[in-house]
>>> print(open('final-v6.cif').read())   # mmCIF, C-alpha atoms and all ligand atoms
data_work
loop_
_atom_site.label_atom_id
_atom_site.label_comp_id
_atom_site.auth_asym_id
_atom_site.auth_seq_id
_atom_site.Cartn_x
_atom_site.Cartn_y
_atom_site.Cartn_z
CA MET A 24 160.09 121.77 132.00
CA ASN A 25 156.59 121.62 133.34
CA PHE A 26 154.71 118.66 131.93
CA PRO A 27 151.53 117.76 133.87
CA TRP A 28 152.38 114.20 134.85
CA PRO A 29 149.93 112.42 137.18
CA ASP A 30 150.24 113.10 140.91
CA GLY A 31 153.33 111.50 142.37
CA VAL A 32 154.95 111.07 138.96
CA ARG A 33 158.08 113.02 138.15
CA ALA A 34 158.88 111.63 134.69
CA ALA A 35 157.85 108.75 132.43
CA ALA A 36 159.66 105.94 130.66
CA ALA A 37 158.43 103.58 127.97
CA PHE A 38 160.24 100.54 126.63
CA THR A 39 159.15 99.94 123.06
CA PHE A 40 159.95 97.14 120.64
CA ASP A 41 159.58 97.28 116.86
CA VAL A 42 159.01 93.69 115.76
CA ASP A 43 160.12 94.27 112.18
CA ALA A 44 161.32 90.69 111.58
CA GLU A 45 161.59 90.06 107.81
CA SER A 46 159.34 92.96 106.80
CA CYS A 47 161.93 95.73 106.77
CA VAL A 48 164.34 93.65 104.69
CA LEU A 49 161.71 92.62 102.14
CA ALA A 50 160.40 96.17 101.83
CA HIS A 51 163.93 97.37 101.19
CA ASP A 52 164.62 94.65 98.60
CA PRO A 53 162.07 91.92 97.76
CA SER A 54 164.83 89.71 96.33
CA ALA A 55 166.31 89.51 99.84
CA SER A 56 163.98 86.55 100.34
CA SER A 57 166.53 84.51 98.35
CA ARG A 58 169.14 85.08 101.06
CA MET A 59 168.56 82.36 103.63
CA SER A 60 171.06 83.64 106.16
CA LEU A 61 169.76 87.20 106.01
CA MET A 62 166.21 85.91 106.50
CA THR A 63 167.31 84.06 109.64
CA HIS A 64 169.04 87.17 110.97
CA GLN A 65 165.57 88.75 110.89
CA SER A 66 163.55 85.76 112.08
CA TYR A 67 165.74 85.62 115.19
CA GLY A 68 163.50 88.43 116.47
CA PRO A 69 160.17 86.62 116.61
CA ARG A 70 161.69 83.20 117.23
CA VAL A 71 164.19 83.93 120.00
CA GLY A 72 164.28 87.66 120.77
CA VAL A 73 160.63 88.21 121.61
CA PRO A 74 160.33 85.22 123.99
CA ARG A 75 163.53 86.31 125.78
CA LEU A 76 162.39 89.94 126.03
CA LEU A 77 158.98 88.84 127.32
CA ARG A 78 160.79 86.95 130.10
CA VAL A 79 162.82 90.08 130.92
CA LEU A 80 159.67 92.22 131.07
CA ARG A 81 157.87 89.66 133.22
CA ARG A 82 160.76 89.50 135.69
CA GLN A 83 160.80 93.29 135.86
CA ASP A 84 157.01 93.54 136.08
CA VAL A 85 156.97 96.10 133.27
CA LYS A 86 154.37 96.49 130.52
CA ALA A 87 155.81 97.50 127.15
CA THR A 88 154.64 98.59 123.71
CA PHE A 89 155.30 96.36 120.70
CA PHE A 90 154.97 97.88 117.23
CA VAL A 91 154.10 95.02 114.89
CA PRO A 92 154.01 95.35 111.08
CA GLY A 93 150.99 93.57 109.60
CA PHE A 94 153.24 91.20 107.68
CA THR A 95 154.88 90.13 110.95
CA ALA A 96 151.44 89.56 112.47
CA ASP A 97 150.39 87.44 109.48
CA THR A 98 153.64 85.43 109.56
CA TYR A 99 153.92 84.93 113.34
CA PRO A 100 150.40 85.12 114.80
CA ASP A 101 151.29 82.95 117.81
CA MET A 102 154.21 85.23 118.68
CA VAL A 103 151.87 88.25 118.60
CA ARG A 104 149.36 86.39 120.78
CA SER A 105 152.13 85.68 123.30
CA ILE A 106 152.78 89.44 123.54
CA ILE A 107 149.08 90.11 124.14
CA ASP A 108 148.82 87.27 126.65
CA GLU A 109 151.52 88.93 128.76
CA GLY A 110 149.44 92.11 128.93
CA HIS A 111 151.59 94.25 126.66
CA GLU A 112 150.38 96.75 124.11
CA VAL A 113 150.49 95.93 120.38
CA ALA A 114 150.52 98.90 118.02
CA HIS A 115 150.72 99.61 114.28
CA HIS A 116 153.98 99.74 112.30
CA GLY A 117 152.91 99.61 108.64
CA TYR A 118 152.16 96.42 106.75
CA LEU A 119 155.49 95.50 105.19
CA HIS A 120 157.47 98.25 106.92
CA GLU A 121 157.05 100.20 103.70
CA PRO A 122 159.34 103.07 102.72
CA MET A 123 157.18 106.13 103.38
CA GLN A 124 159.38 108.89 102.09
CA GLY A 125 157.70 110.88 99.33
CA ILE A 126 154.62 108.67 98.88
CA ASP A 127 151.22 110.24 98.40
CA ALA A 128 148.36 110.08 100.89
CA ALA A 129 146.38 107.48 98.91
CA ARG A 130 149.30 105.04 98.87
CA GLU A 131 150.04 105.62 102.54
CA ALA A 132 146.37 105.10 103.41
CA GLU A 133 146.55 101.70 101.66
CA TYR A 134 149.53 100.68 103.77
CA LEU A 135 147.83 101.85 106.94
CA ASP A 136 144.61 100.00 106.18
CA ARG A 137 146.43 96.82 105.20
CA GLY A 138 148.28 96.92 108.53
CA LEU A 139 145.03 97.53 110.40
CA GLU A 140 143.39 94.56 108.66
CA ALA A 141 146.27 92.26 109.62
CA LEU A 142 146.09 93.27 113.29
CA ASP A 143 142.30 93.00 113.18
CA ARG A 144 142.64 89.34 112.14
CA LEU A 145 144.18 88.83 115.59
CA GLY A 146 141.48 90.87 117.28
CA ILE A 147 143.76 93.87 117.81
CA ARG A 148 142.59 97.46 117.37
CA PRO A 149 145.78 99.50 117.88
CA ALA A 150 145.70 102.80 119.73
CA GLY A 151 149.10 103.82 118.44
CA TYR A 152 151.19 104.09 115.31
CA ARG A 153 154.88 104.31 114.64
CA ALA A 154 155.96 105.06 111.09
CA PRO A 155 158.42 102.60 109.56
CA TRP A 156 161.89 104.16 109.88
CA TRP A 157 160.10 106.95 111.81
CA GLU A 158 159.34 108.44 108.40
CA MET A 159 156.25 110.65 108.64
CA ASN A 160 154.80 112.68 105.79
CA TRP A 161 152.94 115.93 106.29
CA HIS A 162 149.67 114.15 105.44
CA THR A 163 150.29 111.27 107.87
CA PRO A 164 148.72 112.88 110.99
CA ASP A 165 145.45 113.41 109.11
CA LEU A 166 145.38 109.76 107.97
CA LEU A 167 145.94 108.63 111.55
CA ILE A 168 143.30 110.97 112.98
CA GLU A 169 140.78 109.80 110.35
CA ARG A 170 141.38 106.20 111.46
CA GLY A 171 140.91 106.94 115.13
CA PHE A 172 144.50 106.47 116.27
CA GLN A 173 145.09 108.01 119.68
CA TYR A 174 148.79 108.57 119.30
CA ASP A 175 151.85 108.45 117.10
CA SER A 176 155.45 107.92 118.15
CA SER A 177 157.68 108.86 115.20
CA LEU A 178 158.56 112.55 115.42
CA LEU A 179 161.67 114.00 117.00
CA ASP A 180 160.78 117.47 118.22
CA GLY A 181 160.24 117.13 121.93
CA ASP A 182 161.24 115.67 125.30
CA THR A 183 157.63 115.23 126.37
CA PRO A 184 154.39 114.21 124.63
CA TYR A 185 152.17 116.80 123.05
CA ARG A 186 148.84 117.02 121.27
CA LEU A 187 149.48 117.28 117.55
CA HIS A 188 146.91 119.17 115.51
CA GLY A 189 145.94 117.62 112.19
CA THR A 190 147.53 119.15 109.12
CA GLU A 191 144.24 119.62 107.24
CA THR A 192 141.69 118.02 109.54
CA ALA A 193 140.41 119.65 112.70
CA GLY A 194 141.19 116.72 114.96
CA ASP A 195 144.33 115.87 116.88
CA LEU A 196 146.28 112.99 118.30
CA VAL A 197 149.04 112.66 120.87
CA GLU A 198 152.62 112.65 119.64
CA ILE A 199 155.20 110.89 121.84
CA PRO A 200 158.57 111.88 120.38
CA VAL A 201 161.52 109.55 119.83
CA ASP A 202 165.27 110.02 119.45
CA TRP A 203 167.91 108.25 117.35
CA GLY A 204 170.12 108.22 120.43
CA LEU A 205 167.58 105.91 122.06
CA ASP A 206 167.36 103.35 119.24
CA ASP A 207 169.29 100.09 119.27
CA TRP A 208 169.67 100.21 115.49
CA GLU A 209 172.43 102.78 115.76
CA GLN A 210 174.26 100.75 118.38
CA TYR A 211 174.14 97.20 117.16
CA ALA A 212 172.61 96.81 113.68
CA PHE A 213 174.91 95.15 111.23
CA TYR A 214 174.44 92.80 108.35
CA PRO A 215 177.06 92.50 105.58
CA GLY A 216 175.86 94.03 102.38
CA TRP A 217 172.57 95.13 103.79
CA THR A 218 172.76 97.63 106.59
CA GLY A 219 174.43 98.95 109.64
CA SER A 220 177.44 100.94 110.54
CA GLY A 221 179.79 97.99 110.79
CA VAL A 222 180.41 99.00 114.40
CA ILE A 223 178.77 96.72 116.93
CA GLU A 224 178.90 98.42 120.29
CA SER A 225 179.35 96.86 123.71
CA PRO A 226 176.09 96.46 125.63
CA ARG A 227 177.96 97.95 128.61
CA LYS A 228 178.50 101.18 126.68
CA VAL A 229 174.92 101.17 125.42
CA HIS A 230 173.56 100.66 128.94
CA GLU A 231 175.65 103.58 130.17
CA MET A 232 174.52 105.86 127.34
CA TRP A 233 170.83 105.08 127.70
CA LEU A 234 170.90 105.32 131.50
CA LEU A 235 172.50 108.77 131.23
CA GLU A 236 169.61 109.82 129.01
CA ALA A 237 167.01 108.28 131.32
CA ARG A 238 168.47 110.06 134.34
CA ALA A 239 168.52 113.38 132.48
CA HIS A 240 164.90 112.92 131.40
CA HIS A 241 164.04 112.08 135.01
CA ALA A 242 165.78 115.23 136.26
CA GLU A 243 163.88 117.35 133.75
CA SER A 244 160.46 115.65 134.07
CA GLY A 245 160.75 114.33 130.53
CA CYS A 246 159.53 111.23 128.74
CA PHE A 247 162.17 108.59 128.04
CA VAL A 248 161.17 106.43 125.05
CA LEU A 249 163.52 103.61 124.14
CA THR A 250 163.18 101.81 120.82
CA ASN A 251 164.55 98.30 120.51
CA HIS A 252 164.22 95.64 117.84
CA PRO A 253 163.93 92.01 118.98
CA PHE A 254 166.20 90.78 116.16
CA ILE A 255 168.86 93.17 117.45
CA SER A 256 168.37 93.55 121.20
CA GLY A 257 166.96 90.08 121.78
CA ARG A 258 170.54 88.70 121.71
CA PRO A 259 171.68 87.45 125.13
CA SER A 260 174.12 90.11 126.36
CA ARG A 261 172.01 92.93 124.93
CA ALA A 262 168.84 91.64 126.58
CA ALA A 263 170.79 91.29 129.84
CA ALA A 264 171.99 94.89 129.58
CA LEU A 265 168.46 96.00 128.79
CA GLU A 266 167.20 94.22 131.89
CA ARG A 267 169.77 96.06 134.01
CA LEU A 268 168.66 99.32 132.39
CA ILE A 269 165.00 98.60 133.18
CA GLU A 270 165.97 97.88 136.78
CA ASP A 271 167.90 101.14 137.00
CA VAL A 272 165.12 103.18 135.40
CA ARG A 273 162.47 101.65 137.64
CA ALA A 274 164.55 102.63 140.66
CA LEU A 275 164.41 106.34 139.80
CA ASP A 276 162.09 108.03 142.27
CA GLY A 277 158.75 108.95 140.74
CA MET A 278 159.53 107.36 137.35
CA TRP A 279 156.34 106.07 135.71
CA VAL A 280 157.34 103.06 133.61
CA THR A 281 154.41 102.22 131.37
CA THR A 282 153.11 101.77 127.84
CA LEU A 283 152.83 104.51 125.24
CA GLU A 284 149.07 103.95 125.21
CA GLU A 285 148.90 104.89 128.90
CA ILE A 286 151.10 107.92 128.38
CA ALA A 287 148.97 109.00 125.41
CA ALA A 288 145.72 108.59 127.33
CA HIS A 289 147.08 110.68 130.17
CA THR A 290 148.36 113.36 127.78
CA ALA A 291 145.05 113.59 125.93
CA GLY A 292 143.29 114.34 129.22
CA ALA A 293 145.90 116.53 130.92
CA VAL A 294 147.15 118.73 128.08
CA GLY A 295 144.80 121.33 126.63
CA GLU A 296 147.07 122.99 124.11
CA LEU A 297 147.17 121.69 120.54
CA ARG A 298 150.42 122.10 118.66
CA ARG A 299 150.71 122.54 114.92
CA VAL A 300 153.91 121.35 113.33
CA ASP A 301 154.39 123.68 110.41
CA ARG A 302 156.08 122.80 107.18
CA ILE A 303 159.12 124.94 106.48
CA GLU A 304 160.16 125.36 102.87
CA ALA A 305 163.48 126.36 101.43
CA PRO A 306 163.66 130.06 100.53
CA GLY A 307 162.27 130.82 97.08
CA ALA A 308 165.52 131.28 95.22
CA LEU A 309 166.97 128.00 96.49
CA ALA A 310 163.76 126.09 95.77
CA THR A 311 163.74 127.46 92.23
CA ASN A 312 167.34 126.47 91.66
CA ARG A 313 166.50 122.86 92.37
CA GLU A 314 163.67 122.64 89.89
ZN ZN B 401 160.64 99.33 112.27
#
>>> encode(input="final-v6.cif", output="structure tokens", more="lines below")
Ligand SMILES: [Zn+2]
Amino acid sequence: MNFPWPDGVRAAAAFTFDVDAESCVLAHDPSASSRMSLMTHQSYGPRVGVPRLLRVLRRQDVKATFFVPGFTADTYPDMVRSIIDEGHEVAHHGYLHEPMQGIDAAREAEYLDRGLEALDRLGIRPAGYRAPWWEMNWHTPDLLIERGFQYDSSLLDGDTPYRLHGTETAGDLVEIPVDWGLDDWEQYAFYPGWTGSGVIESPRKVHEMWLLEARAHHAESGCFVLTNHPFISGRPSRAAALERLIEDVRALDGMWVTTLEEIAAHTAGAVGELRRVDRIEAPGALATNRE
């Protein structure tokens, strides 16, 4: 692999946090608001998880990227300010963590603009976007480019960032790919009757798995992007394991641990090639059979 990292940098790592809080539950099922315990499972993120994770990041002297749905920003403005005050990046993650699958461009544009307005109320103009549930539509890149976003981090087709050409528009933005293997949801998420695998993994196992991936990215000059949720990974033993992971990743020689905004800015300047991600359809006969 031959990605043009800055001089002296061998690979990059970004620790990212999706501060979904109640939004993802309410988007999934508005009547969930009647479930007091479920609501507190989610509010643990902004109330306890974020402050703990900010302490971890401060101790490790690492700047991170926090994707904040507009509804979270409206509900917990002081929590969002505390993230900003620590020098971290705040980026866009929908308004109510809306389900994006199959919606048209006009509806998606509404969600994007509503999220932008909520962040703007706190004086934040986000450089980056991450689709709720990493669910991009083919029209999404154009909507992001039209709104001046510099990067997205929701697609899954690379080990390093690339410049993504608009689908219809002539512009581009940086894509910083993610991976389900580097998401705490798959490791720890569980709530009876709502979500999760029912298997809650040991933080020791999770640390081992993620460090293996970080070392492999380091060996191959890749870009390690970890996605955590404060309501999940803000719990004590998970945050402790995450801190050990950050320590271990920082110790890798030439590893650039930084925000996605920094990685995107570097990529925009250092990569000349624009990549189109083409839509692939089912062969005609199969498509017809489904109609
Ligand atoms: Zn999310």
>>> residues_near_ligand(input="final-v6.cif", ligand="ligand ZN 401 (chain B)", cutoff="9 Å", atoms="all atoms listed in the file", output="list in words")
Phe40, Asp41, Val42, Asp43, Ala44, Ser46, Cys47, Phe90, Val91, Pro92, His116, Gly117, His120, Arg153, Ala154, Pro155, Trp156, Trp157 and His252 of chain A
>>> residues_near_point(input="final-v6.cif", point="(173.4, 97.9, 118.8)", cutoff="10 Å", atoms="only C-alpha atoms", output="JSON, numbers by chain")
{"A": [206, 207, 208, 209, 210, 211, 212, 213, 219, 220, 222, 223, 224, 225, 226, 228, 229, 251, 252, 255, 256, 261]}
>>> atom_distance(input="final-v6.cif", atom1="atom CA of A:Tyr174", atom2="atom CA of A:Gly151")
4.8 Å
>>> atom_distance(input="final-v6.cif", atom1="atom CA of A:Glu304", atom2="atom CA of A:Gly171")
29.3 Å
>>> closest_residue(input="final-v6.cif", among="A:Ala288, A:Arg227, A:Ala264, A:Ala87", to="A:Ala150", atoms="all atoms listed in the file")
A:Ala288
>>> residues_around(input="final-v6.cif", residues="A:Leu205", least_positions_apart="2", cutoff="9 Å", atoms="all atoms listed in the file", output="PyMOL selection string")
chain A and resi 201-203+207-209+232-233+236+247-251
>>> residues_around(input="final-v6.cif", residues="A:Glu140", least_positions_apart="3", cutoff="12 Å", atoms="all atoms listed in the file", output="PyMOL selection string")
chain A and resi 92-94+96-97+115+117-118+133-137+143-149
>>> decode(input="final-v6.cif", residues="stretch 77-102 of chain A", atoms="N, CA, C and O atoms", output="JSON list (two decimals), in the first residue's frame")
[["chain", "number", "residue", "atom", "x", "y", "z"],
["A", 77, "LEU", "N", -13.75, 11.80, 27.87],
["A", 77, "LEU", "CA", -12.95, 13.04, 27.75],
["A", 77, "LEU", "C", -11.75, 12.99, 28.69],
["A", 77, "LEU", "O", -10.67, 13.47, 28.35],
["A", 78, "ARG", "N", -11.95, 12.40, 29.88],
["A", 78, "ARG", "CA", -10.81, 12.28, 30.81],
["A", 78, "ARG", "C", -9.75, 11.34, 30.22],
["A", 78, "ARG", "O", -8.55, 11.60, 30.33],
["A", 79, "VAL", "N", -10.20, 10.23, 29.63],
["A", 79, "VAL", "CA", -9.26, 9.29, 28.99],
["A", 79, "VAL", "C", -8.46, 10.01, 27.90],
["A", 79, "VAL", "O", -7.22, 9.91, 27.85],
["A", 80, "LEU", "N", -9.15, 10.74, 27.05],
["A", 80, "LEU", "CA", -8.48, 11.41, 25.93],
["A", 80, "LEU", "C", -7.51, 12.48, 26.43],
["A", 80, "LEU", "O", -6.44, 12.67, 25.86],
["A", 81, "ARG", "N", -7.91, 13.16, 27.51],
["A", 81, "ARG", "CA", -7.02, 14.20, 28.05],
["A", 81, "ARG", "C", -5.74, 13.56, 28.61],
["A", 81, "ARG", "O", -4.64, 14.03, 28.36],
["A", 82, "ARG", "N", -5.93, 12.46, 29.35],
["A", 82, "ARG", "CA", -4.75, 11.77, 29.90],
["A", 82, "ARG", "C", -3.83, 11.29, 28.80],
["A", 82, "ARG", "O", -2.61, 11.30, 28.94],
["A", 83, "GLN", "N", -4.42, 10.86, 27.69],
["A", 83, "GLN", "CA", -3.62, 10.32, 26.59],
["A", 83, "GLN", "C", -3.16, 11.40, 25.61],
["A", 83, "GLN", "O", -2.45, 11.09, 24.64],
["A", 84, "ASP", "N", -3.61, 12.62, 25.85],
["A", 84, "ASP", "CA", -3.24, 13.74, 24.98],
["A", 84, "ASP", "C", -3.59, 13.45, 23.51],
["A", 84, "ASP", "O", -2.78, 13.64, 22.60],
["A", 85, "VAL", "N", -4.81, 12.96, 23.33],
["A", 85, "VAL", "CA", -5.29, 12.61, 21.99],
["A", 85, "VAL", "C", -6.53, 13.45, 21.67],
["A", 85, "VAL", "O", -7.40, 13.62, 22.51],
["A", 86, "LYS", "N", -6.58, 13.97, 20.45],
["A", 86, "LYS", "CA", -7.78, 14.66, 19.96],
["A", 86, "LYS", "C", -8.61, 13.67, 19.14],
["A", 86, "LYS", "O", -8.07, 12.94, 18.32],
["A", 87, "ALA", "N", -9.91, 13.69, 19.39],
["A", 87, "ALA", "CA", -10.81, 12.70, 18.78],
["A", 87, "ALA", "C", -11.91, 13.41, 18.00],
["A", 87, "ALA", "O", -12.06, 14.63, 18.06],
["A", 88, "THR", "N", -12.68, 12.60, 17.27],
["A", 88, "THR", "CA", -13.82, 13.12, 16.51],
["A", 88, "THR", "C", -15.11, 12.58, 17.12],
["A", 88, "THR", "O", -15.26, 11.37, 17.29],
["A", 89, "PHE", "N", -16.03, 13.49, 17.43],
["A", 89, "PHE", "CA", -17.33, 13.12, 18.00],
["A", 89, "PHE", "C", -18.42, 13.44, 16.99],
["A", 89, "PHE", "O", -18.59, 14.60, 16.62],
["A", 90, "PHE", "N", -19.14, 12.40, 16.57],
["A", 90, "PHE", "CA", -20.28, 12.60, 15.67],
["A", 90, "PHE", "C", -21.53, 12.76, 16.53],
["A", 90, "PHE", "O", -21.89, 11.86, 17.29],
["A", 91, "VAL", "N", -22.15, 13.94, 16.40],
["A", 91, "VAL", "CA", -23.25, 14.30, 17.31],
["A", 91, "VAL", "C", -24.53, 14.54, 16.51],
["A", 91, "VAL", "O", -24.62, 15.52, 15.75],
["A", 92, "PRO", "N", -25.55, 13.68, 16.66],
["A", 92, "PRO", "CA", -26.84, 13.97, 16.04],
["A", 92, "PRO", "C", -27.39, 15.30, 16.55],
["A", 92, "PRO", "O", -27.17, 15.67, 17.72],
["A", 93, "GLY", "N", -28.11, 16.03, 15.69],
["A", 93, "GLY", "CA", -28.65, 17.32, 16.10],
["A", 93, "GLY", "C", -29.53, 17.23, 17.34],
["A", 93, "GLY", "O", -29.49, 18.12, 18.20],
["A", 94, "PHE", "N", -30.30, 16.16, 17.44],
["A", 94, "PHE", "CA", -31.17, 15.99, 18.60],
["A", 94, "PHE", "C", -30.36, 15.87, 19.89],
["A", 94, "PHE", "O", -30.74, 16.41, 20.93],
["A", 95, "THR", "N", -29.22, 15.20, 19.82],
["A", 95, "THR", "CA", -28.33, 15.12, 20.98],
["A", 95, "THR", "C", -27.80, 16.51, 21.33],
["A", 95, "THR", "O", -27.74, 16.88, 22.51],
["A", 96, "ALA", "N", -27.44, 17.27, 20.31],
["A", 96, "ALA", "CA", -26.92, 18.62, 20.55],
["A", 96, "ALA", "C", -27.99, 19.51, 21.20],
["A", 96, "ALA", "O", -27.70, 20.29, 22.11],
["A", 97, "ASP", "N", -29.25, 19.37, 20.72],
["A", 97, "ASP", "CA", -30.33, 20.16, 21.30],
["A", 97, "ASP", "C", -30.63, 19.75, 22.75],
["A", 97, "ASP", "O", -31.00, 20.56, 23.58],
["A", 98, "THR", "N", -30.49, 18.45, 23.02],
["A", 98, "THR", "CA", -30.85, 17.93, 24.35],
["A", 98, "THR", "C", -29.73, 18.14, 25.36],
["A", 98, "THR", "O", -30.01, 18.37, 26.55],
["A", 99, "TYR", "N", -28.49, 18.05, 24.91],
["A", 99, "TYR", "CA", -27.34, 18.13, 25.84],
["A", 99, "TYR", "C", -26.31, 19.17, 25.36],
["A", 99, "TYR", "O", -25.14, 18.83, 25.11],
["A", 100, "PRO", "N", -26.73, 20.44, 25.24],
["A", 100, "PRO", "CA", -25.78, 21.43, 24.69],
["A", 100, "PRO", "C", -24.52, 21.57, 25.55],
["A", 100, "PRO", "O", -23.42, 21.75, 24.99],
["A", 101, "ASP", "N", -24.65, 21.47, 26.86],
["A", 101, "ASP", "CA", -23.45, 21.64, 27.70],
["A", 101, "ASP", "C", -22.46, 20.50, 27.49],
["A", 101, "ASP", "O", -21.24, 20.71, 27.53],
["A", 102, "MET", "N", -22.98, 19.29, 27.27],
["A", 102, "MET", "CA", -22.10, 18.15, 27.01],
["A", 102, "MET", "C", -21.33, 18.40, 25.70],
["A", 102, "MET", "O", -20.12, 18.13, 25.63]]
